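Below is the file final-v3.tsv, which contains TSV, C-alpha atoms.
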chain	number	residue	atom	x	y	z
O	1145	MET	CA	-67.04	89.38	-131.96
O	1146	GLU	CA	-65.12	86.93	-134.16
O	1147	THR	CA	-61.82	87.67	-132.41
O	1148	GLU	CA	-63.51	86.95	-129.10
O	1149	ALA	CA	-64.69	83.56	-130.40
O	1150	VAL	CA	-61.19	82.76	-131.68
O	1151	MET	CA	-59.61	83.75	-128.36
O	1152	ASP	CA	-62.20	81.68	-126.48
O	1153	PHE	CA	-61.42	78.69	-128.71
O	1154	PHE	CA	-57.68	78.96	-128.09
O	1155	SER	CA	-58.06	79.47	-124.35
O	1156	THR	CA	-60.30	76.41	-123.95
O	1157	HIS	CA	-58.21	74.12	-126.16
O	1158	ILE	CA	-54.67	74.92	-125.02
O	1159	PRO	CA	-53.55	71.31	-124.39
O	1160	GLU	CA	-54.89	70.11	-127.74
O	1161	ILE	CA	-53.17	72.91	-129.62
O	1162	ILE	CA	-49.89	72.36	-127.77
O	1163	LEU	CA	-50.00	68.63	-128.48
O	1164	LEU	CA	-50.78	69.15	-132.15
O	1165	VAL	CA	-48.07	71.77	-132.72
O	1166	GLY	CA	-45.49	69.83	-130.69
O	1167	GLY	CA	-46.26	66.65	-132.61
O	1168	MET	CA	-46.00	68.43	-135.94
O	1169	ILE	CA	-42.66	70.00	-134.98
O	1170	ALA	CA	-41.36	66.58	-133.91
O	1171	LEU	CA	-42.49	65.10	-137.24
O	1172	LEU	CA	-40.66	67.91	-139.03
O	1173	ILE	CA	-37.52	67.16	-137.03
O	1174	VAL	CA	-37.73	63.44	-137.84
O	1175	TYR	CA	-38.31	64.17	-141.54
O	1176	ALA	CA	-35.43	66.66	-141.74
O	1177	TYR	CA	-33.11	64.32	-139.83
O	1178	ILE	CA	-33.85	61.33	-142.05
O	1179	LYS	CA	-33.52	63.42	-145.21
O	1180	ASP	CA	-30.26	65.15	-144.19
O	1181	GLY	CA	-29.14	65.34	-140.56
O	1182	ALA	CA	-26.66	68.12	-141.32
O	1183	SER	CA	-29.01	70.41	-143.27
O	1184	MET	CA	-30.13	73.88	-142.28
O	1185	LYS	CA	-33.73	72.64	-142.37
O	1186	TYR	CA	-32.89	70.13	-139.64
O	1187	LYS	CA	-31.06	72.74	-137.56
O	1188	ALA	CA	-33.90	75.25	-137.99
O	1189	SER	CA	-36.50	72.66	-137.01
O	1190	MET	CA	-34.47	71.85	-133.89
O	1191	ALA	CA	-34.31	75.56	-133.00
O	1192	ILE	CA	-38.07	75.86	-133.39
O	1193	GLY	CA	-38.39	72.69	-131.32
O	1194	VAL	CA	-36.31	74.14	-128.50
O	1195	LEU	CA	-38.41	77.31	-128.35
O	1196	PHE	CA	-41.70	75.44	-128.47
O	1197	GLY	CA	-40.38	72.78	-126.08
O	1198	VAL	CA	-39.64	75.44	-123.47
O	1199	LEU	CA	-43.19	76.74	-123.90
O	1200	MET	CA	-44.55	73.19	-123.53
O	1201	ILE	CA	-42.61	72.63	-120.31
O	1202	ILE	CA	-43.66	75.98	-118.85
O	1203	LEU	CA	-47.32	75.37	-119.67
O	1204	SER	CA	-47.25	71.79	-118.38
O	1205	VAL	CA	-45.70	72.91	-115.10
O	1206	SER	CA	-48.07	75.85	-114.66
O	1207	SER	CA	-51.28	74.19	-115.88
O	1208	TYR	CA	-50.94	70.50	-115.07
O	1209	ALA	CA	-53.60	70.68	-112.35
O	1210	ASP	CA	-56.20	71.80	-114.92
O	1211	TRP	CA	-55.37	69.02	-117.40
O	1212	GLU	CA	-55.66	65.25	-117.45
O	1213	MET	CA	-52.54	63.70	-115.90
O	1214	PHE	CA	-51.73	61.71	-119.07
O	1215	VAL	CA	-51.97	64.88	-121.19
O	1216	ALA	CA	-49.70	66.84	-118.85
O	1217	VAL	CA	-47.13	64.02	-118.84
O	1218	VAL	CA	-47.14	63.70	-122.65
O	1219	ILE	CA	-46.73	67.47	-123.03
O	1220	ALA	CA	-43.88	67.56	-120.50
O	1221	VAL	CA	-42.08	64.59	-122.10
O	1222	MET	CA	-42.45	66.06	-125.60
O	1223	GLY	CA	-41.24	69.44	-124.32
O	1224	PHE	CA	-38.18	67.85	-122.70
O	1225	THR	CA	-37.51	65.87	-125.87
O	1226	LEU	CA	-37.64	68.95	-128.06
O	1227	VAL	CA	-35.46	71.01	-125.70
O	1228	ILE	CA	-32.74	68.42	-125.08
O	1229	ARG	CA	-32.18	67.41	-128.73
O	1230	PRO	CA	-29.60	70.06	-129.73
O	1231	PHE	CA	-27.88	69.99	-126.31
O	1232	ARG	CA	-27.44	66.24	-125.85
O	1233	ASP	CA	-23.68	66.41	-126.52
O	1234	VAL	CA	-22.88	69.61	-124.59
O	1235	HIS	CA	-21.00	69.17	-121.29
O	1236	PHE	CA	-22.89	71.51	-118.98
O	1237	ALA	CA	-21.20	70.08	-115.88
O	1238	VAL	CA	-17.86	71.67	-116.79
O	1239	ILE	CA	-19.47	75.03	-117.53
O	1240	GLY	CA	-21.51	74.90	-114.31
O	1241	ALA	CA	-18.51	73.86	-112.20
O	1242	LEU	CA	-16.40	76.71	-113.59
O	1243	LEU	CA	-19.19	79.15	-112.80
O	1244	VAL	CA	-19.44	77.79	-109.24
O	1245	MET	CA	-15.66	78.10	-108.82
O	1246	VAL	CA	-15.69	81.74	-109.91
O	1247	LEU	CA	-18.66	82.57	-107.67
O	1248	VAL	CA	-17.06	80.86	-104.66
O	1249	TYR	CA	-13.78	82.67	-105.32
O	1250	ILE	CA	-15.63	86.01	-105.42
O	1251	PHE	CA	-17.67	85.15	-102.31
O	1252	LEU	CA	-14.58	84.14	-100.35
O	1253	GLY	CA	-12.95	87.47	-101.23
O	1254	GLY	CA	-15.83	89.17	-99.42
O	1255	LEU	CA	-14.82	87.44	-96.19
O	1256	ALA	CA	-11.66	89.56	-95.86
O	1257	GLY	CA	-11.47	91.35	-92.54
O	1258	THR	CA	-13.64	88.79	-90.72
O	1259	GLU	CA	-12.66	85.85	-88.54
O	1260	LEU	CA	-12.54	83.79	-91.77
O	1261	ASN	CA	-9.82	86.04	-93.22
O	1262	PHE	CA	-7.44	83.07	-93.61
O	1263	ILE	CA	-9.63	81.63	-96.39
O	1264	ALA	CA	-10.27	84.98	-98.08
O	1265	GLU	CA	-6.80	85.46	-99.51
O	1266	GLY	CA	-4.06	83.61	-101.38
O	1267	TRP	CA	-3.84	79.88	-101.99
O	1268	PRO	CA	-6.48	78.83	-99.44
O	1269	ARG	CA	-9.03	80.89	-101.38
O	1270	VAL	CA	-8.03	79.26	-104.69
O	1271	ILE	CA	-8.00	75.75	-103.19
O	1272	ALA	CA	-11.39	76.23	-101.50
O	1273	ALA	CA	-12.93	77.50	-104.77
O	1274	PHE	CA	-11.41	74.54	-106.63
O	1275	VAL	CA	-12.70	71.98	-104.09
O	1276	VAL	CA	-16.21	73.43	-104.15
O	1277	GLY	CA	-16.10	73.54	-107.96
O	1278	ALA	CA	-14.97	69.89	-108.09
O	1279	PHE	CA	-17.80	68.86	-105.78
O	1280	ALA	CA	-20.28	70.81	-107.92
O	1281	TYR	CA	-18.84	69.11	-111.01
O	1282	MET	CA	-19.42	65.66	-109.52
O	1283	ILE	CA	-23.05	66.42	-108.77
O	1284	MET	CA	-23.70	68.17	-112.09
O	1285	SER	CA	-21.92	65.42	-114.01
O	1286	PHE	CA	-24.20	62.81	-112.45
O	1287	VAL	CA	-27.31	64.86	-113.26
O	1288	GLU	CA	-25.99	65.50	-116.77
O	1289	ALA	CA	-25.45	61.77	-117.34
O	1290	ILE	CA	-29.04	61.00	-116.30
O	1291	ILE	CA	-30.43	63.75	-118.54
O	1292	LYS	CA	-28.29	62.57	-121.46
O	1293	LEU	CA	-29.48	59.00	-121.00
O	1294	PHE	CA	-33.10	60.07	-121.31
O	1295	GLY	CA	-32.20	62.58	-124.02
O	1296	LYS	CA	-30.56	59.92	-126.18
O	1297	LEU	CA	-33.54	57.60	-125.75
O	1298	PHE	CA	-36.16	60.29	-126.39
O	1299	ASN	CA	-34.28	61.67	-129.40
O	1300	TRP	CA	-33.73	58.36	-131.13
O	1301	TRP	CA	-35.73	59.17	-134.24
O	1302	PRO	CA	-38.09	56.11	-134.10
O	1303	PHE	CA	-39.00	57.01	-130.51
O	1304	LEU	CA	-39.43	60.67	-131.47
O	1305	LEU	CA	-41.69	59.59	-134.35
O	1306	ILE	CA	-43.86	57.48	-132.03
O	1307	LEU	CA	-44.04	60.29	-129.47
O	1308	ALA	CA	-45.03	62.76	-132.23
O	1309	LEU	CA	-47.80	60.44	-133.41
O	1310	ILE	CA	-49.05	59.98	-129.84
O	1311	CYS	CA	-49.21	63.78	-129.45
O	1312	ILE	CA	-51.11	64.21	-132.71
O	1313	VAL	CA	-53.57	61.36	-132.02
O	1314	GLU	CA	-54.13	62.64	-128.48
O	1315	SER	CA	-54.81	66.12	-129.83
O	1316	VAL	CA	-57.27	64.88	-132.46
O	1317	LEU	CA	-59.12	62.73	-129.92
O	1318	MET	CA	-59.40	65.64	-127.52
O	1319	PHE	CA	-60.60	68.00	-130.27
O	1320	MET	CA	-63.25	65.47	-131.31
O	1321	GLY	CA	-64.45	65.07	-127.72
O	1322	TYR	CA	-63.36	61.47	-127.21
O	1323	GLY	CA	-61.25	62.28	-124.19
O	1324	SER	CA	-57.69	61.05	-123.94
O	1325	LEU	CA	-55.81	58.26	-125.66
O	1326	TYR	CA	-55.29	56.90	-122.16
O	1327	ASP	CA	-59.09	56.69	-121.72
O	1328	LEU	CA	-59.42	54.74	-124.95
O	1329	VAL	CA	-56.68	52.29	-124.04
O	1330	THR	CA	-57.89	51.71	-120.47
O	1331	GLY	CA	-61.58	51.78	-121.30
O	1332	GLY	CA	-62.21	55.04	-119.45
O	1333	GLN	CA	-61.24	53.69	-116.01
Go through the file and emit its structure as C-alpha coordinates.
Amino acid sequence: METEAVMDFFSTHIPEIILLVGGMIALLIVYAYIKDGASMKYKASMAIGVLFGVLMIILSVSSYADWEMFVAVVIAVMGFTLVIRPFRDVHFAVIGALLVMVLVYIFLGGLAGTELNFIAEGWPRVIAAFVVGAFAYMIMSFVEAIIKLFGKLFNWWPFLLILALICIVESVLMFMGYGSLYDLVTGGQ
(Lines of atoms letter the chains of each structure in order from A and count residues from 1; the text may use other names and numbers.)
(Lines give C-alpha, C1' and ligand atoms only; values in the text may rest on other atoms or scores of the structure.)
Protein backbone atom coordinates (compact mmCIF):
# COMPACT_ATOMS: atom_id res chain seq x y z
CA MET A 1 0.00 0.00 0.00
CA GLU A 2 2.81 2.43 0.86
CA THR A 3 4.71 1.66 -2.35
CA GLU A 4 1.55 2.41 -4.30
CA ALA A 5 1.25 5.80 -2.58
CA VAL A 6 4.91 6.57 -3.31
CA MET A 7 4.52 5.57 -6.96
CA ASP A 8 1.35 7.67 -7.22
CA PHE A 9 3.20 10.65 -5.73
CA PHE A 10 6.07 10.34 -8.21
CA SER A 11 3.79 9.84 -11.20
CA THR A 12 1.70 12.93 -10.39
CA HIS A 13 4.65 15.19 -9.59
CA ILE A 14 7.08 14.37 -12.41
CA PRO A 15 7.73 17.96 -13.54
CA GLU A 16 8.35 19.17 -9.99
CA ILE A 17 10.77 16.35 -9.27
CA ILE A 18 12.60 16.87 -12.56
CA LEU A 19 12.92 20.60 -11.91
CA LEU A 20 14.16 20.08 -8.37
CA VAL A 21 16.75 17.44 -9.28
CA GLY A 22 17.91 19.35 -12.37
CA GLY A 23 18.28 22.54 -10.33
CA MET A 24 20.22 20.75 -7.62
CA ILE A 25 22.56 19.15 -10.18
CA ALA A 26 23.14 22.57 -11.78
CA LEU A 27 23.93 24.04 -8.35
CA LEU A 28 26.39 21.21 -7.76
CA ILE A 29 28.04 21.93 -11.12
CA VAL A 30 28.32 25.66 -10.32
CA TYR A 31 29.74 24.93 -6.87
CA ALA A 32 32.28 22.40 -8.18
CA TYR A 33 33.29 24.73 -11.03
CA ILE A 34 33.84 27.72 -8.75
CA LYS A 35 35.74 25.62 -6.23
CA ASP A 36 37.99 23.87 -8.79
CA GLY A 37 37.05 23.67 -12.47
CA ALA A 38 39.54 20.87 -13.11
CA SER A 39 38.52 18.59 -10.22
CA MET A 40 37.02 15.14 -10.47
CA LYS A 41 34.00 16.41 -8.52
CA TYR A 42 33.32 18.92 -11.29
CA LYS A 43 33.78 16.30 -14.01
CA ALA A 44 31.56 13.81 -12.17
CA SER A 45 28.85 16.43 -11.65
CA MET A 46 28.97 17.23 -15.37
CA ALA A 47 28.61 13.52 -16.21
CA ILE A 48 25.59 13.26 -13.91
CA GLY A 49 24.27 16.43 -15.52
CA VAL A 50 24.57 14.97 -19.01
CA LEU A 51 22.67 11.82 -18.04
CA PHE A 52 19.94 13.72 -16.23
CA GLY A 53 19.84 16.38 -18.96
CA VAL A 54 19.09 13.72 -21.56
CA LEU A 55 16.27 12.45 -19.34
CA MET A 56 14.95 16.01 -18.95
CA ILE A 57 14.94 16.56 -22.72
CA ILE A 58 13.24 13.22 -23.41
CA LEU A 59 10.55 13.87 -20.81
CA SER A 60 9.98 17.44 -21.95
CA VAL A 61 9.58 16.32 -25.56
CA SER A 62 7.30 13.40 -24.69
CA SER A 63 5.21 15.09 -21.98
CA TYR A 64 5.12 18.78 -22.85
CA ALA A 65 1.42 18.63 -23.79
CA ASP A 66 0.54 17.53 -20.25
CA TRP A 67 2.56 20.29 -18.56
CA GLU A 68 2.37 24.07 -18.38
CA MET A 69 4.24 25.60 -21.32
CA PHE A 70 6.61 27.56 -19.05
CA VAL A 71 7.48 24.39 -17.11
CA ALA A 72 8.18 22.42 -20.29
CA VAL A 73 10.39 25.21 -21.64
CA VAL A 74 12.37 25.53 -18.39
CA ILE A 75 12.88 21.75 -18.26
CA ALA A 76 14.00 21.64 -21.91
CA VAL A 77 16.40 24.59 -21.49
CA MET A 78 17.89 23.11 -18.31
CA GLY A 79 18.22 19.73 -20.02
CA PHE A 80 20.01 21.30 -23.00
CA THR A 81 22.24 23.26 -20.65
CA LEU A 82 23.25 20.17 -18.70
CA VAL A 83 23.86 18.10 -21.85
CA ILE A 84 25.88 20.67 -23.80
CA ARG A 85 28.27 21.67 -20.98
CA PRO A 86 30.96 18.99 -21.46
CA PHE A 87 30.65 19.06 -25.27
CA ARG A 88 30.82 22.80 -25.91
CA ASP A 89 34.38 22.59 -27.30
CA VAL A 90 34.04 19.39 -29.35
CA HIS A 91 33.91 19.82 -33.15
CA PHE A 92 31.09 17.50 -34.13
CA ALA A 93 30.92 18.93 -37.66
CA VAL A 94 34.23 17.31 -38.62
CA ILE A 95 33.21 13.96 -37.14
CA GLY A 96 29.79 14.11 -38.82
CA ALA A 97 31.27 15.13 -42.20
CA LEU A 98 33.77 12.27 -42.10
CA LEU A 99 30.95 9.85 -41.31
CA VAL A 100 28.89 11.22 -44.23
CA MET A 101 31.90 10.88 -46.56
CA VAL A 102 32.40 7.24 -45.60
CA LEU A 103 28.69 6.44 -45.97
CA VAL A 104 28.51 8.14 -49.37
CA TYR A 105 31.64 6.30 -50.51
CA ILE A 106 30.08 2.98 -49.45
CA PHE A 107 26.73 3.86 -51.05
CA LEU A 108 28.35 4.85 -54.34
CA GLY A 109 30.17 1.50 -54.42
CA GLY A 110 26.75 -0.16 -54.46
CA LEU A 111 25.95 1.56 -57.75
CA ALA A 112 28.46 -0.58 -59.67
CA GLY A 113 26.87 -2.36 -62.61
CA THR A 114 24.09 0.22 -63.03
CA GLU A 115 23.82 3.16 -65.41
CA LEU A 116 25.62 5.20 -62.72
CA ASN A 117 28.68 2.93 -62.89
CA PHE A 118 30.94 5.88 -63.81
CA ILE A 119 30.54 7.33 -60.30
CA ALA A 120 30.83 3.98 -58.52
CA GLU A 121 34.55 3.47 -59.10
CA GLY A 122 37.87 5.28 -58.93
CA TRP A 123 38.41 9.01 -58.54
CA PRO A 124 34.84 10.10 -59.34
CA ARG A 125 33.65 8.05 -56.35
CA VAL A 126 36.25 9.66 -54.06
CA ILE A 127 35.52 13.17 -55.36
CA ALA A 128 31.74 12.74 -55.03
CA ALA A 129 32.12 11.47 -51.44
CA PHE A 130 34.42 14.41 -50.65
CA VAL A 131 32.01 16.99 -52.15
CA VAL A 132 29.04 15.57 -50.26
CA GLY A 133 31.11 15.44 -47.07
CA ALA A 134 32.19 19.09 -47.56
CA PHE A 135 28.57 20.15 -48.06
CA ALA A 136 27.55 18.21 -44.94
CA TYR A 137 30.41 19.89 -43.05
CA MET A 138 29.17 23.35 -44.02
CA ILE A 139 25.67 22.63 -42.78
CA MET A 140 26.82 20.88 -39.60
CA SER A 141 29.37 23.60 -38.89
CA PHE A 142 26.64 26.23 -39.05
CA VAL A 143 24.39 24.22 -36.73
CA GLU A 144 27.34 23.55 -34.41
CA ALA A 145 28.13 27.27 -34.22
CA ILE A 146 24.54 28.07 -33.24
CA ILE A 147 24.49 25.34 -30.60
CA LYS A 148 27.84 26.48 -29.22
CA LEU A 149 26.62 30.07 -29.00
CA PHE A 150 23.68 29.03 -26.85
CA GLY A 151 25.84 26.50 -25.00
CA LYS A 152 28.39 29.15 -24.02
CA LEU A 153 25.64 31.49 -22.84
CA PHE A 154 23.72 28.83 -20.93
CA ASN A 155 26.88 27.42 -19.33
CA TRP A 156 28.28 30.72 -18.15
CA TRP A 157 28.19 29.92 -14.44
CA PRO A 158 26.13 33.00 -13.35
CA PHE A 159 23.47 32.12 -15.93
CA LEU A 160 23.57 28.46 -14.88
CA LEU A 161 23.15 29.55 -11.25
CA ILE A 162 20.11 31.69 -12.10
CA LEU A 163 18.60 28.89 -14.18
CA ALA A 164 19.17 26.42 -11.31
CA LEU A 165 17.44 28.76 -8.86
CA ILE A 166 14.52 29.24 -11.26
CA CYS A 167 14.14 25.45 -11.49
CA ILE A 168 14.22 25.02 -7.72
CA VAL A 169 11.79 27.89 -7.04
CA GLU A 170 9.45 26.63 -9.77
CA SER A 171 9.54 23.15 -8.25
CA VAL A 172 8.82 24.41 -4.73
CA LEU A 173 5.94 26.59 -5.94
CA MET A 174 4.42 23.68 -7.83
CA PHE A 175 4.82 21.32 -4.85
CA MET A 176 3.12 23.87 -2.59
CA GLY A 177 0.23 24.29 -5.03
CA TYR A 178 0.93 27.89 -6.04
CA GLY A 179 1.14 27.07 -9.72
CA SER A 180 4.06 28.26 -11.79
CA LEU A 181 6.58 31.03 -11.31
CA TYR A 182 5.22 32.40 -14.56
CA ASP A 183 1.75 32.65 -12.97
CA LEU A 184 3.17 34.59 -10.04
CA VAL A 185 5.05 37.02 -12.25
CA THR A 186 2.16 37.61 -14.67
CA GLY A 187 -0.55 37.58 -12.04
CA GLY A 188 -2.08 34.32 -13.29
CA GLN A 189 -3.03 35.67 -16.73
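Across the model, the gap from CA of Leu1242 in chain O to CA of Tyr1281 in chain O is 8.4 Å.
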Polymer residues at most 10 Å from range 1207-1221 of chain O, only C-alpha atoms, same-chain spacing of 5 or more positions, as a ChimeraX atom specification: /O:1158-1160,1162-1163,1166-1167,1197-1202,1226-1227,1298,1307-1308,1310-1311,1314-1315,1318,1323-1327
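Using all atoms listed in the file for every distance, the candidate list O:Trp1300, O:Tyr1249, O:Tyr1186, O:Phe1279 yields O:Phe1279 as the residue closest to Ala1237 in chain O.
Considering the residues O:Val1194, O:Ile1291, O:Ala1278, O:Lys1296 and counting only C-alpha atoms, Val1244 in chain O has its shortest atom-to-atom contact with O:Ala1278.
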As a check of understanding: the span from CA of Gly1240 in chain O to CA of Met1222 in chain O is 25.4 Å
From CA of Ala1170 in chain O to CA of Ser1189 in chain O the spacing works out at 8.4 Å
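Considering the residues O:Ala1272, O:Leu1305, O:Leu1247, O:Met1320 and counting only C-alpha atoms, Tyr1175 in chain O has its shortest atom-to-atom contact with O:Leu1305.
For the set O:Leu1328, O:Val1246, O:Ile1192, O:Ala1241, the residue with the smallest atom-to-atom gap to Ile1283 in chain O is O:Ala1241, counting only C-alpha atoms.
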With distances taken over all atoms listed in the file, the candidate from O:Ile1239, O:Ala1182, O:Tyr1177, O:Arg1269 nearest Gly1254 in chain O is O:Arg1269
Met1190 in chain O proximity check over O:Pro1268, O:Pro1302, O:Gly1223, O:Gly1331, using only C-alpha atoms: winner is O:Gly1223
- If you count all atoms listed in the file, which residues fall within 10 Å of Lys1185 in chain O, apart from same-chain ones fewer than 6 positions away, as a ChimeraX atom specification? /O:1172-1173,1175-1177,1179,1191
